[in-house]
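As structure tokens, the structure follows; a few thoughts come after it.
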Amino acid sequence: MVSSSLFNPSFSTLTPKPTNPTTNRKNRLAPNVIACTSSTYDSSSPTTSTNSHPPTAPPANHSRRNAEENIKDEARRHRSASGSDSRGFTARYVPFNAGFDSAEWYSLDDIVYRSRSGGLLDVQHDMEALSRFDGAYWRSLFDSRVGKTAWPYGSGVWSKKEWVLPEIDPDDIVSAFEGNSNLFWAERFGKQYLSMNDLWVKHCGISHTGSFKDLGMTVLVSQVNRLRKLNRTVVGVGCASTGDTSAALSAYCAAAGIPSIVFLPANKISTAQLVQPIANGALVLSIDTDFDGCMKLIREITSELPIYLANSLNSLRLEGQKTAAIEILQQFDWEVPDWVIVPGGNLGNIYAFYKGFKLCRDLGLVDRIPRLVCAQAANANPLYRYYKSGWKEFKAVTAKSTFASAIQIGDPVSIDRAVFALRNSEGIVEEASEEELMDAMAQADSTGMFICPHTGVALTALIKLRRSGVIGPTDRTVVVSTAHGLKFTQSKTDYHSGAIPGMGRFANPPVTVNPDFGSVMDVLRGFLKSDRLNKKSL
């Protein structure tokens, strides 16, 4: 893998009423759910208040707000008039795979990352309160908020506030109106390379900092903002990162005026990724180790200092990331796709997508969930190996260098979450070699996209499953693109310039030509006679 450093860069809302779930394209049965258990301890829980007032859509503004008001002032005034803050929806931390009524539970205002047994935590919502409103109600409510500027519902995350952080005061939310990302119909790529007519790419990288991490970070930093206003001892927020997490954390902390600290593996991320936290004012520690080493250090540091942990070990992140799954359903007018393919590194994202789809199914917005595929780089593939063993034994690996640097993780924190999601969605795990992922990225770019190497991993998984017949030609399939291609221009440049030994099957280098009419005409005549023009037509 070619890497560079910053200082030595290498340039080589409606009335609820009963309804049936949305009719879907296929009448496939929902997958069987596998039951798991969790350790607990005795605890008394407070009585949940009843929800007598349904959440509402943003008010229809027929005139411009008062000149002295900003959008937060306007939202505060409307809340005061409608009294819509008291809705009775609640959420809490419980041990992973435990229910809302678990004996062991923690307030979201508690600073806790693991259960008493040392296991993962999860955010669980009061489903009884949410289920007082049917699927048609929730669909209408969420749809009514899309594209608005009303605070905070113009965000793709906070338009689902009742399902994310229902109790947070909107004044505490830190948002860049993230989400609402493009669902791109990959018409030419699907037709030319896969004989598919219903292939889509969810461009989560078209976001504030250029990656899907914004979806989770708006939730986490908003909760930290709330904690600091409650005078909790939180001096800053820290993370280990392979690039995108640090960019999202530093941007949202900068917006809120909260110090951020990031641990980065030295010389293992792109210059574009490195400069983001620096530009946003974070304390950046470049450490001579890999991501797993950085993760070990940040966990030790946050256990000793009042620095809030922002990695996906913190289950708040997943509450924001799950909204991308809900967005996909919205963009298909609440029809469920057949397949969703997600790149996997630390593995929180595959669980987040499962969680979003499952919540929609459980609350009657749809009647099934799609089959999930987790795609890993072959150089960092512990989940793939676990899957191929029939889920018999998980072994962490030492991740090798990969162009898909954000998923260069050998000991993923969310391994249990990922396995649960895949086993409950008839899921599949695939891998991509370095050449395969770079070729797939180049093929996608040649059809009008401009994707990151991690999306190349996901597209490789699609190509393999399509060739084996697992994914059919008419299956509606969504590939999740996790970051913007502009963050990885160096790897693209190296691929197309021939700087990577043994790679460049789809390279398209610039043609050097003399500055005279005859030389230019010779090149153009050769181009016009080639097969390249025919390949570019639909």
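A note on labels: chains of the structure tokens are A, B, ... as shown, every chain counts residues from 1, and ligands are counted from 1 in their shown order.
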Kindly assemble as JSON lines a list of the stretch 473-532 of chain A residues that lie within 12 Å of stretch 400-420 of chain A, each paired with its nearest atom pair and their distance in Å to one decimal, using only C-alpha atoms, sorted first by chain and then by ascending residue number.
```
{"residue": "A:Thr482", "atom": "CA", "partner": "A:Ala406", "partner_atom": "CA", "distance": 9.6}
{"residue": "A:Ala483", "atom": "CA", "partner": "A:Ala406", "partner_atom": "CA", "distance": 9.4}
{"residue": "A:Gly485", "atom": "CA", "partner": "A:Ala404", "partner_atom": "CA", "distance": 11.5}
{"residue": "A:Lys487", "atom": "CA", "partner": "A:Ser405", "partner_atom": "CA", "distance": 11.2}
{"residue": "A:Phe488", "atom": "CA", "partner": "A:Phe403", "partner_atom": "CA", "distance": 8.9}
{"residue": "A:Thr489", "atom": "CA", "partner": "A:Phe403", "partner_atom": "CA", "distance": 11.3}
{"residue": "A:Gln490", "atom": "CA", "partner": "A:Phe403", "partner_atom": "CA", "distance": 10.1}
{"residue": "A:Ser491", "atom": "CA", "partner": "A:Phe403", "partner_atom": "CA", "distance": 7.1}
{"residue": "A:Lys492", "atom": "CA", "partner": "A:Phe403", "partner_atom": "CA", "distance": 9.9}
{"residue": "A:Asp494", "atom": "CA", "partner": "A:Phe403", "partner_atom": "CA", "distance": 11.0}
{"residue": "A:Tyr495", "atom": "CA", "partner": "A:Phe403", "partner_atom": "CA", "distance": 10.7}
{"residue": "A:Ile500", "atom": "CA", "partner": "A:Phe403", "partner_atom": "CA", "distance": 11.0}
```
Export N, CA, C and O atoms of the chosen residues as a short mmCIF file (atom, residue, chain, number, x, y, z; two decimals), in the first residue's frame?
```cif
data_model
loop_
_atom_site.label_atom_id
_atom_site.label_comp_id
_atom_site.auth_asym_id
_atom_site.auth_seq_id
_atom_site.Cartn_x
_atom_site.Cartn_y
_atom_site.Cartn_z
N THR A 482 -18.90 4.15 1.84
CA THR A 482 -18.71 4.70 3.17
C THR A 482 -17.93 6.01 3.22
O THR A 482 -17.98 6.72 4.22
N ALA A 483 -17.19 6.35 2.16
CA ALA A 483 -16.38 7.57 2.21
C ALA A 483 -16.27 8.16 0.81
O ALA A 483 -16.48 7.48 -0.20
N GLY A 485 -14.53 9.58 -2.51
CA GLY A 485 -13.33 9.22 -3.26
C GLY A 485 -12.23 10.25 -3.21
O GLY A 485 -11.05 9.92 -3.40
N LYS A 487 -10.95 11.56 -0.79
CA LYS A 487 -10.03 11.29 0.31
C LYS A 487 -8.92 10.30 -0.10
O LYS A 487 -7.97 10.10 0.67
N PHE A 488 -9.06 9.71 -1.26
CA PHE A 488 -8.15 8.63 -1.65
C PHE A 488 -7.58 8.86 -3.04
O PHE A 488 -7.39 7.92 -3.81
N THR A 489 -7.33 10.12 -3.35
CA THR A 489 -6.81 10.44 -4.68
C THR A 489 -5.42 9.87 -4.91
O THR A 489 -5.05 9.57 -6.05
N GLN A 490 -4.62 9.71 -3.84
CA GLN A 490 -3.28 9.17 -4.03
C GLN A 490 -3.32 7.75 -4.54
O GLN A 490 -2.60 7.40 -5.48
N SER A 491 -4.17 6.91 -3.94
CA SER A 491 -4.25 5.53 -4.40
C SER A 491 -4.79 5.46 -5.83
O SER A 491 -4.35 4.63 -6.63
N LYS A 492 -5.70 6.35 -6.17
CA LYS A 492 -6.22 6.38 -7.53
C LYS A 492 -5.13 6.81 -8.52
O LYS A 492 -4.98 6.24 -9.60
N ASP A 494 -1.89 6.52 -8.13
CA ASP A 494 -0.90 5.45 -8.25
C ASP A 494 -1.41 4.32 -9.14
O ASP A 494 -0.64 3.73 -9.92
N TYR A 495 -2.69 3.99 -9.03
CA TYR A 495 -3.27 2.92 -9.85
C TYR A 495 -3.20 3.28 -11.33
O TYR A 495 -2.75 2.49 -12.16
N ILE A 500 1.77 1.06 -8.97
CA ILE A 500 1.55 -0.10 -8.11
C ILE A 500 1.90 -1.36 -8.89
O ILE A 500 1.21 -1.71 -9.86
#
```
Item to check | 12 Å contact set for A:Cys360, only C-alpha atoms, chain neighbours under 3 positions out, as a PyMOL selection string | outcome: chain A and resi 21-22+127+130-131+134-139+142+160+163+322-323+325-330+334-336+353-357+363-370
Item to check | Spatial neighbours of stretch 288-294 of chain A, 9 Å, only C-alpha atoms, chain gap at least 6 places, as a list in words | outcome: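 Here the answer would be Cys239, Ala240, Ser241, Thr242, Phe263, Leu264, Pro265, Ala266, Asn267, Lys268, Thr398, Ala399, Gln408, Ile409, Gly410, Asp411 and Pro412 of chain A.
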Item to check | atom CA of A:Ser115 to atom CA of A:Asn311, distance in Å rounded to a single decimal | outcome: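 These two atoms are separated by 16.3 Å.
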Checklist entry - Leaving out A:Ser312 and any residue of its chain fewer than 5 positions from it, which residues lie within 12 Å of it when counting only C-alpha atoms, given as a PyMOL selection string? => result chain A and resi 113-114+120-122+213+215-217+219-220+238-241+245+249+295+299+317-321+345-352+412-415+417
Next on the checklist: Please return, as a VMD selection string, all residues of stretch 152-305 of chain A that DSSP assigns to strand (DSSP E) on the basis of the backbone.
Outcome noted: chain A and resid 183 to 185 199 to 203 236 to 240 260 to 265 283 to 287
Next on the checklist: So that I can check the secondary structure, give me every residue of stretch 63-203 of chain A assigned helix (DSSP H, G or I) by backbone DSSP, as a ChimeraX atom specification.
Outcome noted: /A:71-82,127-130,135-145,158-163,170-172,187-194
Item to check | Polymer residues at most 6 Å from A:Ala282, only C-alpha atoms, same-chain spacing of 2 or more positions, as an NGL selection string | outcome: :A and (250 or 260-261 or 277-278 or 280 or 284)
Selection file, N, CA, C and O atoms, as a CSV table (one decimal), in the first residue's frame:
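Result saved to out-v2.csv:
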```csv
chain,number,residue,atom,x,y,z
A,250,SER,N,-13.5,15.4,15.1
A,250,SER,CA,-12.9,16.7,15.3
A,250,SER,C,-13.9,17.8,14.7
A,250,SER,O,-14.0,18.9,15.3
A,260,SER,N,-11.1,17.9,21.2
A,260,SER,CA,-11.0,16.5,20.7
A,260,SER,C,-9.6,16.0,20.6
A,260,SER,O,-8.7,16.8,20.4
A,261,ILE,N,-9.4,14.7,20.9
A,261,ILE,CA,-8.1,14.1,20.9
A,261,ILE,C,-8.2,12.9,20.0
A,261,ILE,O,-9.1,12.0,20.2
A,277,PRO,N,-8.6,16.4,10.9
A,277,PRO,CA,-8.6,16.7,12.3
A,277,PRO,C,-7.6,17.8,12.7
A,277,PRO,O,-7.9,18.6,13.6
A,278,ILE,N,-6.5,17.9,11.9
A,278,ILE,CA,-5.6,19.0,12.2
A,278,ILE,C,-6.3,20.3,11.9
A,278,ILE,O,-6.2,21.3,12.7
A,280,ASN,N,-9.4,21.0,11.9
A,280,ASN,CA,-10.5,21.3,12.9
A,280,ASN,C,-10.0,21.5,14.3
A,280,ASN,O,-10.8,21.6,15.2
A,284,VAL,N,-3.8,15.9,17.7
A,284,VAL,CA,-3.5,14.7,16.9
A,284,VAL,C,-2.3,14.0,17.3
A,284,VAL,O,-1.2,14.7,17.3
```
For A:Gly472, list every protein, DNA or RNA residue within 10 Å, evaluated using only C-alpha atoms, and leave out those in the same chain fewer than 4 positions away; present the list as a tab-separated table (two decimals) with N, CA and C atoms, in the first residue's frame.
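Here's the written file out_20.tsv:
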```
chain	number	residue	atom	x	y	z
A	194	LEU	N	-22.39	-6.46	-14.65
A	194	LEU	CA	-23.10	-7.45	-13.84
A	194	LEU	C	-24.42	-7.90	-14.43
A	195	SER	N	-24.84	-7.33	-15.55
A	195	SER	CA	-26.15	-7.65	-16.13
A	195	SER	C	-27.27	-7.46	-15.11
A	196	MET	N	-27.19	-6.37	-14.36
A	196	MET	CA	-28.21	-6.05	-13.36
A	196	MET	C	-28.87	-4.73	-13.72
A	338	ASP	N	-33.49	-6.36	-1.74
A	338	ASP	CA	-33.19	-7.77	-1.50
A	338	ASP	C	-31.86	-7.96	-0.79
A	465	LEU	N	-20.60	-12.56	-5.73
A	465	LEU	CA	-21.91	-13.16	-5.45
A	465	LEU	C	-22.79	-13.16	-6.68
A	466	ARG	N	-22.60	-12.19	-7.55
A	466	ARG	CA	-23.37	-12.17	-8.79
A	466	ARG	C	-22.89	-13.28	-9.73
A	467	ARG	N	-21.57	-13.45	-9.84
A	467	ARG	CA	-21.02	-14.48	-10.72
A	467	ARG	C	-21.37	-15.89	-10.24
A	468	SER	N	-21.47	-16.07	-8.93
A	468	SER	CA	-21.82	-17.38	-8.39
A	468	SER	C	-23.31	-17.66	-8.43
A	476	ARG	N	-32.94	-6.44	-6.31
A	476	ARG	CA	-32.64	-5.05	-5.94
A	476	ARG	C	-31.54	-5.07	-4.89
A	477	THR	N	-30.41	-4.47	-5.23
A	477	THR	CA	-29.21	-4.56	-4.40
A	477	THR	C	-28.67	-3.17	-4.12
```
Item to check | Atomic separation - atom CA of A:Cys253 relative to atom CA of A:Val234, Å | outcome: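 Pair atom CA of A:Val234 / atom CA of A:Cys253 returns 12.5 Å.
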Checklist entry - Between A:Ala176, A:Leu283, A:Leu305, A:Leu230, which one has atoms that come closest to A:Ala248, using only C-alpha atoms? => result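 Of A:Ala176, A:Leu283, A:Leu305, A:Leu230, the one nearest A:Ala248, counting only C-alpha atoms, is A:Ala176.
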Checklist entry - Taking only C-alpha atoms into account, which of A:Ala444, A:Val112, A:Ala421, A:Leu309 comes nearest A:Phe506? => result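 Looking at the shortest contact to A:Phe506, the residue is A:Ala444.
Across the structure, atom CA of A:Tyr387 and atom CA of A:Ser315 are spaced 23.6 Å apart.
Between A:Asp198 and the residues A:Trp339, A:Trp158, A:Phe89, A:Phe96, the shortest atom-to-atom distance, using only C-alpha atoms, involves A:Trp339.
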